[in-house]
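Data block for model23.txt (compact mmCIF, C-alpha atoms):
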# COMPACT_ATOMS: atom_id res chain seq x y z
CA MET H 1 56.17 42.93 11.12
CA SER H 2 59.60 42.44 9.63
CA LEU H 3 60.50 43.55 6.12
CA LYS H 4 62.72 41.69 3.68
CA LEU H 5 64.25 43.29 0.58
CA VAL H 6 64.88 41.05 -2.42
CA ILE H 7 66.84 42.36 -5.38
CA SER H 8 66.86 40.18 -8.47
CA ASN H 9 68.77 40.49 -11.74
CA LEU H 10 69.20 44.25 -11.51
CA TRP H 11 70.61 46.19 -14.48
CA LYS H 12 71.25 49.91 -14.53
CA GLY H 13 73.33 52.14 -16.78
CA TYR H 14 73.91 55.76 -17.67
CA GLY H 15 74.59 56.37 -21.35
CA ASP H 16 77.22 53.87 -22.49
CA LYS H 17 78.23 52.89 -18.96
CA THR H 18 76.52 49.98 -17.24
CA VAL H 19 77.00 50.26 -13.47
CA LEU H 20 74.87 47.37 -12.22
CA LYS H 21 75.00 44.07 -14.11
CA ASP H 22 72.55 41.33 -13.27
CA LEU H 23 72.91 42.06 -9.57
CA SER H 24 70.94 40.00 -7.06
CA TYR H 25 70.92 40.15 -3.26
CA VAL H 26 68.64 39.62 -0.27
CA PHE H 27 68.59 41.87 2.79
CA ASP H 28 66.64 39.86 5.33
CA GLU H 29 68.06 40.50 8.76
CA LYS H 30 67.99 43.40 11.18
CA LYS H 31 71.68 44.12 10.96
CA VAL H 32 74.15 46.53 9.37
CA TYR H 33 75.14 45.83 5.76
CA VAL H 34 78.02 47.94 4.45
CA ILE H 35 78.61 48.28 0.73
CA MET H 36 82.09 49.32 -0.33
CA GLY H 37 83.55 49.98 -3.72
CA PRO H 38 85.55 52.51 -5.73
CA ASN H 39 84.12 55.81 -7.00
CA GLY H 40 81.64 55.28 -9.81
CA SER H 41 81.11 51.62 -8.93
CA GLY H 42 77.37 52.23 -8.52
CA LYS H 43 77.00 52.20 -4.73
CA THR H 44 74.74 55.25 -4.65
CA THR H 45 72.72 54.05 -7.63
CA PHE H 46 72.23 50.68 -5.97
CA LEU H 47 71.23 52.28 -2.67
CA LYS H 48 68.74 54.62 -4.37
CA ILE H 49 67.17 51.74 -6.28
CA CYS H 50 66.84 49.79 -3.01
CA ALA H 51 65.21 52.83 -1.38
CA LEU H 52 62.79 53.15 -4.33
CA LEU H 53 64.19 56.57 -5.26
CA GLU H 54 65.36 55.35 -8.67
CA THR H 55 64.08 52.68 -11.01
CA PRO H 56 66.33 50.03 -12.57
CA ASP H 57 66.58 49.51 -16.33
CA LYS H 58 65.85 45.81 -15.80
CA GLY H 59 65.29 43.56 -12.82
CA GLU H 60 63.07 43.42 -9.74
CA VAL H 61 63.10 45.19 -6.38
CA HIS H 62 60.58 43.79 -3.96
CA TYR H 63 59.86 44.26 -0.29
CA TYR H 64 58.22 41.29 1.42
CA ASN H 65 56.35 41.28 4.72
CA SER H 66 56.69 38.57 7.38
CA THR H 67 54.16 36.36 5.59
CA ASN H 68 56.30 36.54 2.42
CA LYS H 69 53.78 38.69 0.56
CA ILE H 70 55.15 41.28 -1.90
CA LEU H 71 54.26 44.81 -0.73
CA SER H 72 53.01 47.33 -3.27
CA LYS H 73 55.27 50.35 -3.68
CA ASP H 74 52.83 52.83 -2.16
CA ILE H 75 53.09 55.45 0.57
CA ASN H 76 52.64 52.79 3.30
CA LEU H 77 55.80 51.01 2.19
CA LEU H 78 57.68 54.25 1.46
CA ARG H 79 57.03 55.31 5.07
CA LYS H 80 58.84 52.21 6.35
CA ILE H 81 62.08 52.92 4.49
CA THR H 82 64.24 56.02 4.44
CA TYR H 83 67.46 57.26 2.90
CA VAL H 84 69.99 59.78 4.17
CA PHE H 85 71.91 61.60 1.43
CA PRO H 86 75.62 62.49 1.76
CA GLU H 87 74.51 66.17 1.68
CA VAL H 88 71.74 65.30 4.21
CA GLY H 89 69.12 67.52 2.46
CA ILE H 90 68.61 70.20 5.09
CA PHE H 91 65.32 72.11 5.21
CA ASN H 92 65.73 75.85 5.74
CA THR H 93 64.30 75.82 9.26
CA SER H 94 65.35 74.95 12.81
CA VAL H 95 67.05 71.68 13.77
CA PHE H 96 63.91 70.78 15.75
CA ASP H 97 61.59 71.30 12.75
CA ASN H 98 63.93 69.35 10.48
CA VAL H 99 63.84 66.37 12.80
CA ALA H 100 60.09 66.74 13.40
CA TYR H 101 59.32 66.70 9.64
CA GLY H 102 58.63 62.98 9.24
CA LEU H 103 56.39 62.97 12.32
CA LYS H 104 54.41 66.05 11.23
CA ILE H 105 53.60 64.59 7.82
CA ARG H 106 52.49 61.37 9.52
CA GLY H 107 49.99 63.37 11.57
CA PHE H 108 51.51 62.92 15.06
CA ASN H 109 50.21 65.41 17.62
CA LYS H 110 52.34 68.19 19.04
CA LYS H 111 52.94 66.46 22.38
CA GLU H 112 54.13 63.23 20.75
CA ILE H 113 56.31 65.18 18.31
CA ASN H 114 57.92 67.14 21.14
CA SER H 115 58.78 64.09 23.21
CA LYS H 116 60.05 61.99 20.28
CA VAL H 117 62.15 64.82 18.83
CA GLU H 118 63.62 65.77 22.21
CA GLU H 119 64.52 62.14 22.82
CA VAL H 120 66.26 61.61 19.46
CA LEU H 121 68.06 64.99 19.64
CA ASP H 122 69.37 63.98 23.02
CA PHE H 123 70.47 60.64 21.52
CA VAL H 124 72.53 62.33 18.77
CA GLY H 125 73.81 65.08 21.11
CA LEU H 126 72.08 68.01 19.42
CA SER H 127 69.56 69.08 22.08
CA HIS H 128 71.40 72.34 22.66
CA LYS H 129 71.13 73.21 18.95
CA LYS H 130 67.42 72.49 18.49
CA LYS H 131 66.42 76.14 17.92
CA GLN H 132 69.32 76.89 15.57
CA ASN H 133 68.74 77.06 11.81
CA ALA H 134 69.90 73.66 10.54
CA LEU H 135 71.73 75.23 7.58
CA THR H 136 74.22 76.71 10.03
CA LEU H 137 75.28 73.32 11.48
CA SER H 138 78.76 71.93 10.83
CA SER H 139 79.07 68.90 8.49
CA GLY H 140 79.34 66.48 11.40
CA GLU H 141 76.36 67.99 13.19
CA ALA H 142 74.35 67.97 9.97
CA LYS H 143 75.08 64.25 9.50
CA ARG H 144 73.93 63.55 13.04
CA MET H 145 70.79 65.60 12.46
CA GLY H 146 70.10 63.61 9.28
CA LEU H 147 70.47 60.40 11.28
CA ALA H 148 68.13 61.74 13.99
CA ARG H 149 65.55 62.80 11.38
CA ALA H 150 65.62 59.31 9.89
CA MET H 151 65.59 57.47 13.24
CA VAL H 152 62.68 59.40 14.73
CA ILE H 153 60.29 57.82 12.20
CA LYS H 154 61.47 54.36 13.25
CA PRO H 155 62.12 52.98 9.76
CA GLU H 156 62.41 49.27 9.10
CA PHE H 157 65.05 49.97 6.44
CA LEU H 158 67.57 52.78 6.76
CA PHE H 159 69.89 53.59 3.84
CA LEU H 160 72.90 55.77 4.61
CA ASP H 161 74.95 57.14 1.73
CA GLU H 162 78.48 58.09 2.80
CA PRO H 163 77.53 58.93 6.41
CA THR H 164 81.10 59.92 7.29
CA ALA H 165 82.00 61.92 4.16
CA PHE H 166 83.18 65.50 4.94
CA VAL H 167 83.19 64.65 8.65
CA ASP H 168 86.08 64.98 11.15
CA THR H 169 87.41 62.05 13.20
CA GLU H 170 85.53 63.07 16.34
CA ASN H 171 82.17 63.17 14.55
CA THR H 172 82.95 59.91 12.72
CA LYS H 173 83.50 58.23 16.11
CA LEU H 174 80.21 59.70 17.34
CA ILE H 175 78.32 58.44 14.28
CA GLU H 176 79.91 55.00 14.76
CA ARG H 177 78.73 54.90 18.38
CA LEU H 178 75.22 55.98 17.39
CA LEU H 179 74.97 53.32 14.68
CA ILE H 180 76.19 50.63 17.05
CA GLN H 181 73.49 51.65 19.53
CA ILE H 182 70.83 51.61 16.80
CA LYS H 183 72.07 48.21 15.68
CA GLU H 184 71.77 46.81 19.21
CA GLN H 185 68.06 47.68 19.26
CA LYS H 186 67.61 45.22 16.34
CA ALA H 187 64.63 47.15 14.97
CA THR H 188 66.11 48.43 11.72
CA THR H 189 67.97 46.97 8.76
CA ILE H 190 70.75 49.45 7.98
CA VAL H 191 72.42 49.54 4.56
CA ILE H 192 75.43 51.85 4.29
CA ALA H 193 77.48 52.88 1.26
CA THR H 194 80.94 54.12 2.23
CA HIS H 195 84.58 54.53 1.25
CA ASP H 196 85.69 54.53 4.84
CA SER H 197 87.13 51.04 5.60
CA PRO H 198 87.80 51.46 9.36
CA PHE H 199 84.25 52.81 9.77
CA ALA H 200 82.83 49.96 7.66
CA PHE H 201 84.56 47.27 9.73
CA THR H 202 83.59 48.94 13.02
CA VAL H 203 79.84 49.18 12.37
CA GLY H 204 79.19 46.52 9.72
CA ASP H 205 77.84 43.01 10.32
CA GLU H 206 78.07 42.18 6.62
CA ILE H 207 80.68 43.81 4.40
CA LEU H 208 79.78 43.74 0.73
CA LYS H 209 81.87 44.86 -2.20
CA LEU H 210 80.37 46.31 -5.35
CA GLU H 211 82.69 45.75 -8.27
CA ASN H 212 82.11 45.49 -12.02
CA GLY H 213 78.38 45.81 -11.46
CA LYS H 214 78.21 42.79 -9.13
CA ILE H 215 78.03 42.43 -5.38
CA PHE H 216 80.39 40.19 -3.38
CA GLU H 217 80.39 39.25 0.30
CA VAL H 218 83.68 40.13 1.96
CA SER H 219 82.91 38.81 5.43
CA MET U 1 61.64 128.36 -6.32
CA ASP U 2 59.26 129.90 -3.77
CA PHE U 3 56.31 127.98 -5.15
CA LEU U 4 58.22 124.73 -4.75
CA ILE U 5 58.99 125.43 -1.10
CA GLU U 6 55.37 126.49 -0.50
CA ALA U 7 54.09 123.33 -2.23
CA PHE U 8 56.28 121.11 -0.03
CA LYS U 9 55.15 123.01 3.08
CA GLN U 10 51.48 122.55 2.19
CA ALA U 11 52.05 118.90 1.31
CA PHE U 12 53.61 118.20 4.71
CA LEU U 13 50.73 120.02 6.42
CA LEU U 14 48.25 117.78 4.57
CA ILE U 15 50.10 114.69 5.75
CA VAL U 16 50.59 115.88 9.34
CA ASN U 17 46.94 116.99 9.67
CA LEU U 18 45.75 113.66 8.19
CA ASP U 19 43.61 115.44 5.59
CA LYS U 20 40.33 113.53 5.07
CA GLU U 21 40.51 113.57 1.26
CA LEU U 22 44.13 112.44 1.37
CA LEU U 23 43.28 109.63 3.77
CA GLU U 24 40.37 108.41 1.62
CA ILE U 25 42.58 108.32 -1.47
CA ILE U 26 45.33 106.40 0.36
CA LEU U 27 42.89 103.89 1.81
CA LEU U 28 41.25 103.23 -1.57
CA SER U 29 44.69 102.82 -3.18
CA LEU U 30 45.70 100.29 -0.55
CA LYS U 31 42.35 98.47 -0.77
CA VAL U 32 42.55 98.13 -4.57
CA SER U 33 46.23 97.21 -4.75
CA LEU U 34 46.21 94.80 -1.80
CA SER U 35 43.06 93.05 -3.11
CA ALA U 36 44.70 92.65 -6.53
CA LEU U 37 47.87 91.40 -4.88
CA LEU U 38 46.01 88.93 -2.67
CA LEU U 39 44.25 87.50 -5.72
CA ALA U 40 47.51 87.41 -7.71
CA SER U 41 49.24 85.60 -4.81
CA VAL U 42 46.48 83.08 -4.15
CA LEU U 43 46.49 82.09 -7.84
CA GLY U 44 50.05 83.00 -8.84
CA VAL U 45 52.03 81.17 -6.13
CA PRO U 46 50.45 77.70 -6.70
CA PHE U 47 50.57 78.22 -10.47
CA GLY U 48 54.22 79.29 -10.35
CA ALA U 49 55.07 76.44 -7.97
CA PHE U 50 53.41 73.93 -10.30
CA LEU U 51 55.46 75.28 -13.22
CA GLY U 52 58.60 75.10 -11.08
CA MET U 53 58.04 71.47 -10.09
CA LYS U 54 56.71 69.86 -13.25
CA ASN U 55 58.09 69.30 -16.71
CA PHE U 56 55.55 69.09 -19.50
CA PRO U 57 55.32 70.12 -23.15
CA GLY U 58 54.58 73.84 -23.46
CA ARG U 59 56.07 74.70 -20.06
CA SER U 60 58.80 76.90 -21.58
CA PHE U 61 56.18 78.68 -23.68
CA ILE U 62 54.11 79.49 -20.57
CA ILE U 63 57.23 80.83 -18.79
CA ILE U 64 58.12 83.06 -21.76
CA PHE U 65 54.50 84.26 -21.82
CA LEU U 66 54.65 85.05 -18.07
CA ASN U 67 57.98 86.84 -18.41
CA THR U 68 56.52 88.93 -21.20
CA GLY U 69 53.62 89.72 -18.87
CA MET U 70 56.08 91.10 -16.30
CA GLY U 71 56.80 93.96 -18.69
CA LEU U 72 53.20 94.43 -19.84
CA PRO U 73 52.51 98.17 -20.36
CA PRO U 74 49.70 99.14 -17.94
CA VAL U 75 47.97 101.30 -20.57
CA VAL U 76 47.67 98.27 -22.84
CA VAL U 77 46.03 96.32 -20.01
CA GLY U 78 43.72 99.30 -19.43
CA LEU U 79 42.85 99.50 -23.11
CA PHE U 80 42.17 95.76 -23.34
CA LEU U 81 39.93 95.76 -20.25
CA TYR U 82 38.17 98.95 -21.40
CA MET U 83 37.24 97.21 -24.66
CA LEU U 84 36.00 94.16 -22.72
CA PHE U 85 34.01 96.10 -20.13
CA SER U 86 32.68 99.01 -22.25
CA ARG U 87 28.95 98.97 -22.87
CA SER U 88 29.37 97.51 -26.37
CA GLY U 89 32.11 95.09 -25.27
CA PRO U 90 31.62 91.34 -24.66
CA LEU U 91 31.56 91.81 -20.85
CA GLY U 92 29.72 95.14 -20.90
CA PHE U 93 26.66 93.58 -19.23
CA LEU U 94 28.66 93.20 -16.00
CA ASN U 95 28.73 97.02 -15.59
CA LEU U 96 32.25 96.92 -14.25
CA LEU U 97 33.75 99.87 -16.10
CA TYR U 98 34.66 102.78 -13.79
CA THR U 99 34.38 100.66 -10.65
CA PRO U 100 37.02 99.66 -8.07
CA THR U 101 36.41 96.02 -9.15
CA ALA U 102 37.65 96.82 -12.66
CA MET U 103 40.71 98.44 -11.11
CA VAL U 104 41.39 95.32 -9.03
CA ILE U 105 41.12 93.16 -12.17
CA ALA U 106 43.53 95.46 -14.05
CA GLN U 107 46.10 95.38 -11.25
CA PHE U 108 45.67 91.63 -10.83
CA ILE U 109 46.65 91.21 -14.50
CA LEU U 110 49.75 93.31 -13.88
CA ALA U 111 50.78 91.55 -10.65
CA PHE U 112 50.00 87.93 -11.57
CA PRO U 113 52.90 87.38 -14.04
CA ILE U 114 55.42 88.81 -11.55
CA VAL U 115 54.20 86.66 -8.65
CA ALA U 116 53.87 83.50 -10.79
CA SER U 117 57.14 83.91 -12.67
CA ILE U 118 59.26 84.63 -9.59
CA SER U 119 57.53 81.81 -7.66
CA GLN U 120 58.33 79.47 -10.54
CA ALA U 121 62.01 80.45 -10.58
CA SER U 122 62.26 80.24 -6.77
CA VAL U 123 60.72 76.76 -6.56
CA ARG U 124 62.88 75.60 -9.48
CA LYS U 125 65.97 76.79 -7.61
CA VAL U 126 65.31 74.54 -4.59
CA SER U 127 67.86 71.71 -4.57
CA PRO U 128 66.55 68.38 -5.98
CA ILE U 129 67.92 66.74 -2.81
CA ILE U 130 65.24 68.58 -0.79
CA LYS U 131 62.48 67.04 -2.90
CA LEU U 132 64.00 63.55 -2.58
CA THR U 133 64.54 64.05 1.17
CA ALA U 134 60.88 64.96 1.66
CA LYS U 135 59.91 61.90 -0.38
CA THR U 136 62.14 59.51 1.50
CA LEU U 137 60.91 60.84 4.84
CA GLY U 138 57.43 59.72 3.76
CA ALA U 139 55.82 62.85 2.28
CA THR U 140 52.90 62.45 -0.13
CA PRO U 141 53.14 64.34 -3.48
CA PHE U 142 51.00 67.15 -2.00
CA GLN U 143 53.19 67.36 1.13
CA ILE U 144 56.29 67.43 -1.11
CA ALA U 145 54.79 70.37 -3.06
CA LEU U 146 54.09 72.27 0.19
CA THR U 147 57.64 71.58 1.39
CA LEU U 148 59.12 72.98 -1.84
CA ILE U 149 56.95 76.12 -1.59
CA LYS U 150 58.08 76.56 2.03
CA GLU U 151 61.73 76.15 1.02
CA ALA U 152 61.27 78.78 -1.71
CA ARG U 153 59.43 81.18 0.63
CA TYR U 154 61.98 84.02 0.55
CA GLY U 155 61.97 84.09 -3.24
CA ILE U 156 58.18 83.90 -3.30
CA PHE U 157 57.90 86.85 -0.86
CA THR U 158 60.24 88.79 -3.11
CA GLY U 159 57.88 88.10 -6.04
CA ILE U 160 54.84 89.19 -4.02
CA LEU U 161 56.52 92.41 -2.92
CA GLY U 162 57.67 93.01 -6.50
CA GLY U 163 54.03 92.66 -7.56
CA LEU U 164 52.97 95.14 -4.87
CA GLY U 165 55.57 97.65 -6.04
CA ARG U 166 54.31 97.32 -9.58
CA VAL U 167 50.61 97.82 -8.80
CA MET U 168 51.07 100.60 -6.25
CA ALA U 169 53.04 102.67 -8.77
CA GLU U 170 51.03 102.11 -11.93
CA VAL U 171 48.63 104.70 -13.28
CA GLY U 172 47.81 103.80 -16.90
CA ALA U 173 45.51 100.82 -16.38
CA ILE U 174 43.47 102.11 -13.44
CA LEU U 175 43.06 105.54 -15.01
CA ILE U 176 41.44 103.96 -18.07
CA VAL U 177 39.22 101.38 -16.31
CA GLY U 178 38.59 103.36 -13.09
CA GLY U 179 37.94 106.74 -14.65
CA ASN U 180 39.45 108.65 -11.69
CA ILE U 181 36.04 109.43 -10.13
CA ALA U 182 36.44 111.48 -6.95
CA GLY U 183 35.55 109.54 -3.80
CA TYR U 184 34.93 106.33 -5.76
CA THR U 185 37.81 105.31 -8.03
CA ARG U 186 40.35 108.04 -7.38
CA VAL U 187 43.60 106.59 -6.05
CA MET U 188 47.05 108.02 -5.32
CA THR U 189 48.64 107.74 -8.75
CA THR U 190 45.59 108.95 -10.69
CA THR U 191 45.18 111.88 -8.27
CA ILE U 192 48.80 112.88 -8.78
CA ALA U 193 48.30 112.87 -12.56
CA LEU U 194 45.08 114.92 -12.30
CA GLU U 195 46.22 117.44 -9.70
CA THR U 196 49.51 118.06 -11.54
CA ASP U 197 47.48 118.79 -14.67
CA LYS U 198 45.40 121.26 -12.69
CA GLY U 199 48.43 122.90 -11.12
CA ASN U 200 47.43 121.81 -7.58
CA PHE U 201 50.83 120.62 -6.49
CA GLU U 202 50.18 120.37 -2.72
CA LEU U 203 47.93 117.30 -2.80
CA ALA U 204 49.96 115.74 -5.66
CA LEU U 205 53.18 116.22 -3.73
CA ALA U 206 51.71 114.91 -0.47
CA LEU U 207 50.59 111.74 -2.28
CA GLY U 208 53.93 111.53 -4.05
CA ILE U 209 55.74 111.58 -0.70
CA ILE U 210 53.45 108.86 0.68
CA LEU U 211 53.88 106.72 -2.45
CA LEU U 212 57.65 107.08 -2.17
CA SER U 213 57.49 106.14 1.51
CA ILE U 214 55.47 103.01 0.67
CA SER U 215 57.98 102.13 -2.04
CA PHE U 216 60.80 102.66 0.47
CA LEU U 217 59.08 100.39 2.99
CA ILE U 218 58.58 97.67 0.35
CA ASN U 219 62.25 97.86 -0.56
CA LEU U 220 63.32 97.85 3.07
CA LEU U 221 61.31 94.69 3.59
CA LEU U 222 62.81 93.16 0.43
CA TYR U 223 66.28 94.00 1.67
CA TYR U 224 65.68 92.23 4.98
CA ILE U 225 64.12 89.19 3.31
CA GLN U 226 67.08 88.88 0.94
CA LYS U 227 69.53 89.38 3.79
CA LYS U 228 67.81 86.62 5.79
CA GLU U 229 67.91 84.31 2.77
CA ILE U 230 71.62 84.90 2.25
CA ARG U 231 72.27 84.30 5.96
CA THR U 232 70.44 80.98 6.01
CA ASN U 233 71.83 79.79 2.65
CA PRO U 234 75.59 80.15 3.08

Taking this structure as input, can you express it in the form of structure tokens?
Amino acid sequence: MSLKLVISNLWKGYGDKTVLKDLSYVFDEKKVYVIMGPNGSGKTTFLKICALLETPDKGEVHYYNSTNKILSKDINLLRKITYVFPEVGIFNTSVFDNVAYGLKIRGFNKKEINSKVEEVLDFVGLSHKKKQNALTLSSGEAKRMGLARAMVIKPEFLFLDEPTAFVDTENTKLIERLLIQIKEQKATTIVIATHDSPFAFTVGDEILKLENGKIFEVS
Amino acid sequence: MDFLIEAFKQAFLLIVNLDKELLEIILLSLKVSLSALLLASVLGVPFGAFLGMKNFPGRSFIIIFLNTGMGLPPVVVGLFLYMLFSRSGPLGFLNLLYTPTAMVIAQFILAFPIVASISQASVRKVSPIIKLTAKTLGATPFQIALTLIKEARYGIFTGILGGLGRVMAEVGAILIVGGNIAGYTRVMTTTIALETDKGNFELALALGIILLSISFLINLLLYYIQKKEIRTNP
């Protein structure tokens, strides 16, 4: 089943400042959408609203299934979409347990968890760190762990907020390669908010610009 | 001076020879205090965690009430329970006065605010990003709550050990509701008070040394927990 995200006439503000103004967009293909825009333009707010982590002041956010039926915003839908924060949100436990989290709460058995986690840790190049406390990872490693933790649950929608912030060039290149490989599998719609133009143009299929509360297609 | 040295010598002999009376008193102390602590933890950790996670009217009032409870004078707790459990009191029919059960209840009342209040503060301290991360990885509200408690575990352990320190050392409440009956409700602190009164310093000193050792062990454990927390939260 393939999910489609339809955003219509979205409004959101904080105090006197309106960051999203009557914004509408449809994410309907398994590709990488990159949203760019200056600081405070509302990229994170928009991403969080899309990921159902925030509610808009006005407007509609709906996920549709392949038969064009609106899905109710319950745990079944929430388990198909995930969001990686710029700070990653590291649990105070080992790298392995961090990555295994989404599988454990979905009730996978130990054997399945082991094989899936080993596989994804190998994919992001963190197998050798699996027993280490995740809070001791470097920024780049932490970002890769966050990506692994999101990928292991095989989401249909993956939202990445500033995936290359606080990361060195080497790790940025690694993250780029990983995203390109994920993209080639065509199983996930990836929506990224970033400042990093070279990164955006390397991984993005659609480059969008968020400016004055509206979204524009750049390419 | 000589009597002090002699008292210490006798006290060490009691400990080394594992004196039967001494052992009974220590075991009862541990049984009462650990039962009270278990009860305070089973109820106090979820209650504190709930307060740490939710915002609702009256929450601040409950926290102030709990913080006041952390400094509750044990004799006041003893007095209150004595009035409840005495024959003419509203719960007199339960026949709990001068029983180990009454002592457990008294120590539970002393430990609960410490465990609940520190659990509340520890869960509150967990970064909001952790809660959102658990949510976006597909956790149900109950699984999110468990995750936050797990993240706050070092702080919660500190609260539990703080509660243990408080109940192991207190004398006022259990003296009033337990009655210090030999072989039944006599524990370390009440024995020290009684034996000092009688001038029998050997047993009092031996128990004092053991109580201090327990307190040292609790603090050692606290030190390691805090050190581990600092190491994993740079």

With a cut-off of 6 Å and counting all atoms listed in the file, select all residues of chain H in contact with chain U and give the selection as number ranges by chain.
H: 78-79, 82-83, 89, 102

Every residue with an atom at most 10 Å from (47.1, 120.3, -2.8) (file coordinates; all atoms listed in the file) is what I'm after, so could you write them as an MDAnalysis selection string?
chainID U and resid 7:8 10:11 13:14 22 192 195:196 199:207

Expected file contents, prior selection, C-alpha atoms, as an mmCIF file, keeping the file's coordinate frame:
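Okay, part_17.cif is ready:
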data_model
loop_
_atom_site.group_PDB
_atom_site.id
_atom_site.type_symbol
_atom_site.label_atom_id
_atom_site.label_comp_id
_atom_site.auth_asym_id
_atom_site.auth_seq_id
_atom_site.Cartn_x
_atom_site.Cartn_y
_atom_site.Cartn_z
ATOM 1 C CA ALA U 7 54.090 123.330 -2.230
ATOM 2 C CA PHE U 8 56.280 121.110 -0.030
ATOM 3 C CA GLN U 10 51.480 122.550 2.190
ATOM 4 C CA ALA U 11 52.050 118.900 1.310
ATOM 5 C CA LEU U 13 50.730 120.020 6.420
ATOM 6 C CA LEU U 14 48.250 117.780 4.570
ATOM 7 C CA LEU U 22 44.130 112.440 1.370
ATOM 8 C CA ILE U 192 48.800 112.880 -8.780
ATOM 9 C CA GLU U 195 46.220 117.440 -9.700
ATOM 10 C CA THR U 196 49.510 118.060 -11.540
ATOM 11 C CA GLY U 199 48.430 122.900 -11.120
ATOM 12 C CA ASN U 200 47.430 121.810 -7.580
ATOM 13 C CA PHE U 201 50.830 120.620 -6.490
ATOM 14 C CA GLU U 202 50.180 120.370 -2.720
ATOM 15 C CA LEU U 203 47.930 117.300 -2.800
ATOM 16 C CA ALA U 204 49.960 115.740 -5.660
ATOM 17 C CA LEU U 205 53.180 116.220 -3.730
ATOM 18 C CA ALA U 206 51.710 114.910 -0.470
ATOM 19 C CA LEU U 207 50.590 111.740 -2.280
#

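Residue nearest Ser197 in chain H within the list H:Thr164, H:Asn212, H:Asn76, H:Thr45: H:Thr164 [criterion: smallest interatomic distance, all atoms listed in the file].
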
Could you give me, as a PDB file with C-alpha atoms, in the frame of the given file, the residues within 8 Å of Asn98 in chain H, counting only C-alpha atoms and dropping anything in the same chain fewer than 4 positions from it?
ATOM      1  CA  ILE H  90      68.610  70.200   5.090  1.00  0.00           C
ATOM      2  CA  PHE H  91      65.320  72.110   5.210  1.00  0.00           C
ATOM      3  CA  THR H  93      64.300  75.820   9.260  1.00  0.00           C
ATOM      4  CA  SER H  94      65.350  74.950  12.810  1.00  0.00           C
ATOM      5  CA  ALA H 134      69.900  73.660  10.540  1.00  0.00           C
ATOM      6  CA  ARG H 149      65.550  62.800  11.380  1.00  0.00           C
TER       7      ARG H 149
END

Find the spatial neighbours of Ser35 in chain U, counting all atoms listed in the file, within a cut-off of 12 Å - ignore same-chain residues fewer than 4 positions away - and output them as a list in words.
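Within the cut-off, the hits are Leu27, Leu28, Ser29, Leu30, Lys31, Leu39, Ala40, Ser41, Val42, Pro100, Thr101, Ala102, Met103, Val104, Ile105, Ala106, Gln107, Phe108, Ala111, Gly163, Leu164, Val167 and Met168 of chain U.
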
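Separating CA of Leu146 in chain U from CA of Lys125 in chain U is a distance of 14.9 Å.
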
Between CA of Ala173 in chain U and CA of Arg186 in chain U, what is the distance, to one decimal in Å?
12.6 Å

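Our summary of the geometry notes that CA of Lys69 in chain H is positioned 19.3 Å from CA of Thr188 in chain H.
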
From the set H:Ile175, H:Phe96, H:Gly140, H:Ile153, which residue has the shortest atom-to-atom contact distance to Phe108 in chain H, counting all atoms listed in the file?
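Result for the nearest residue to Phe108 in chain H: H:Ile153.
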
Find the residues near Ile192 in chain H: any atom within 7 Å, counting only C-alpha atoms, skip ones fewer than 5 places away on the same chain, and give them as a PyMOL selection string.
chain H and resi 33-35+159-161

Show me the residues around (55.1, 83.5, -12.8) - criterion: an atom at most 8 Å away, all atoms listed in the file counted - as a ChimeraX atom specification.
/U:44-45,47-48,63,66-67,112-121
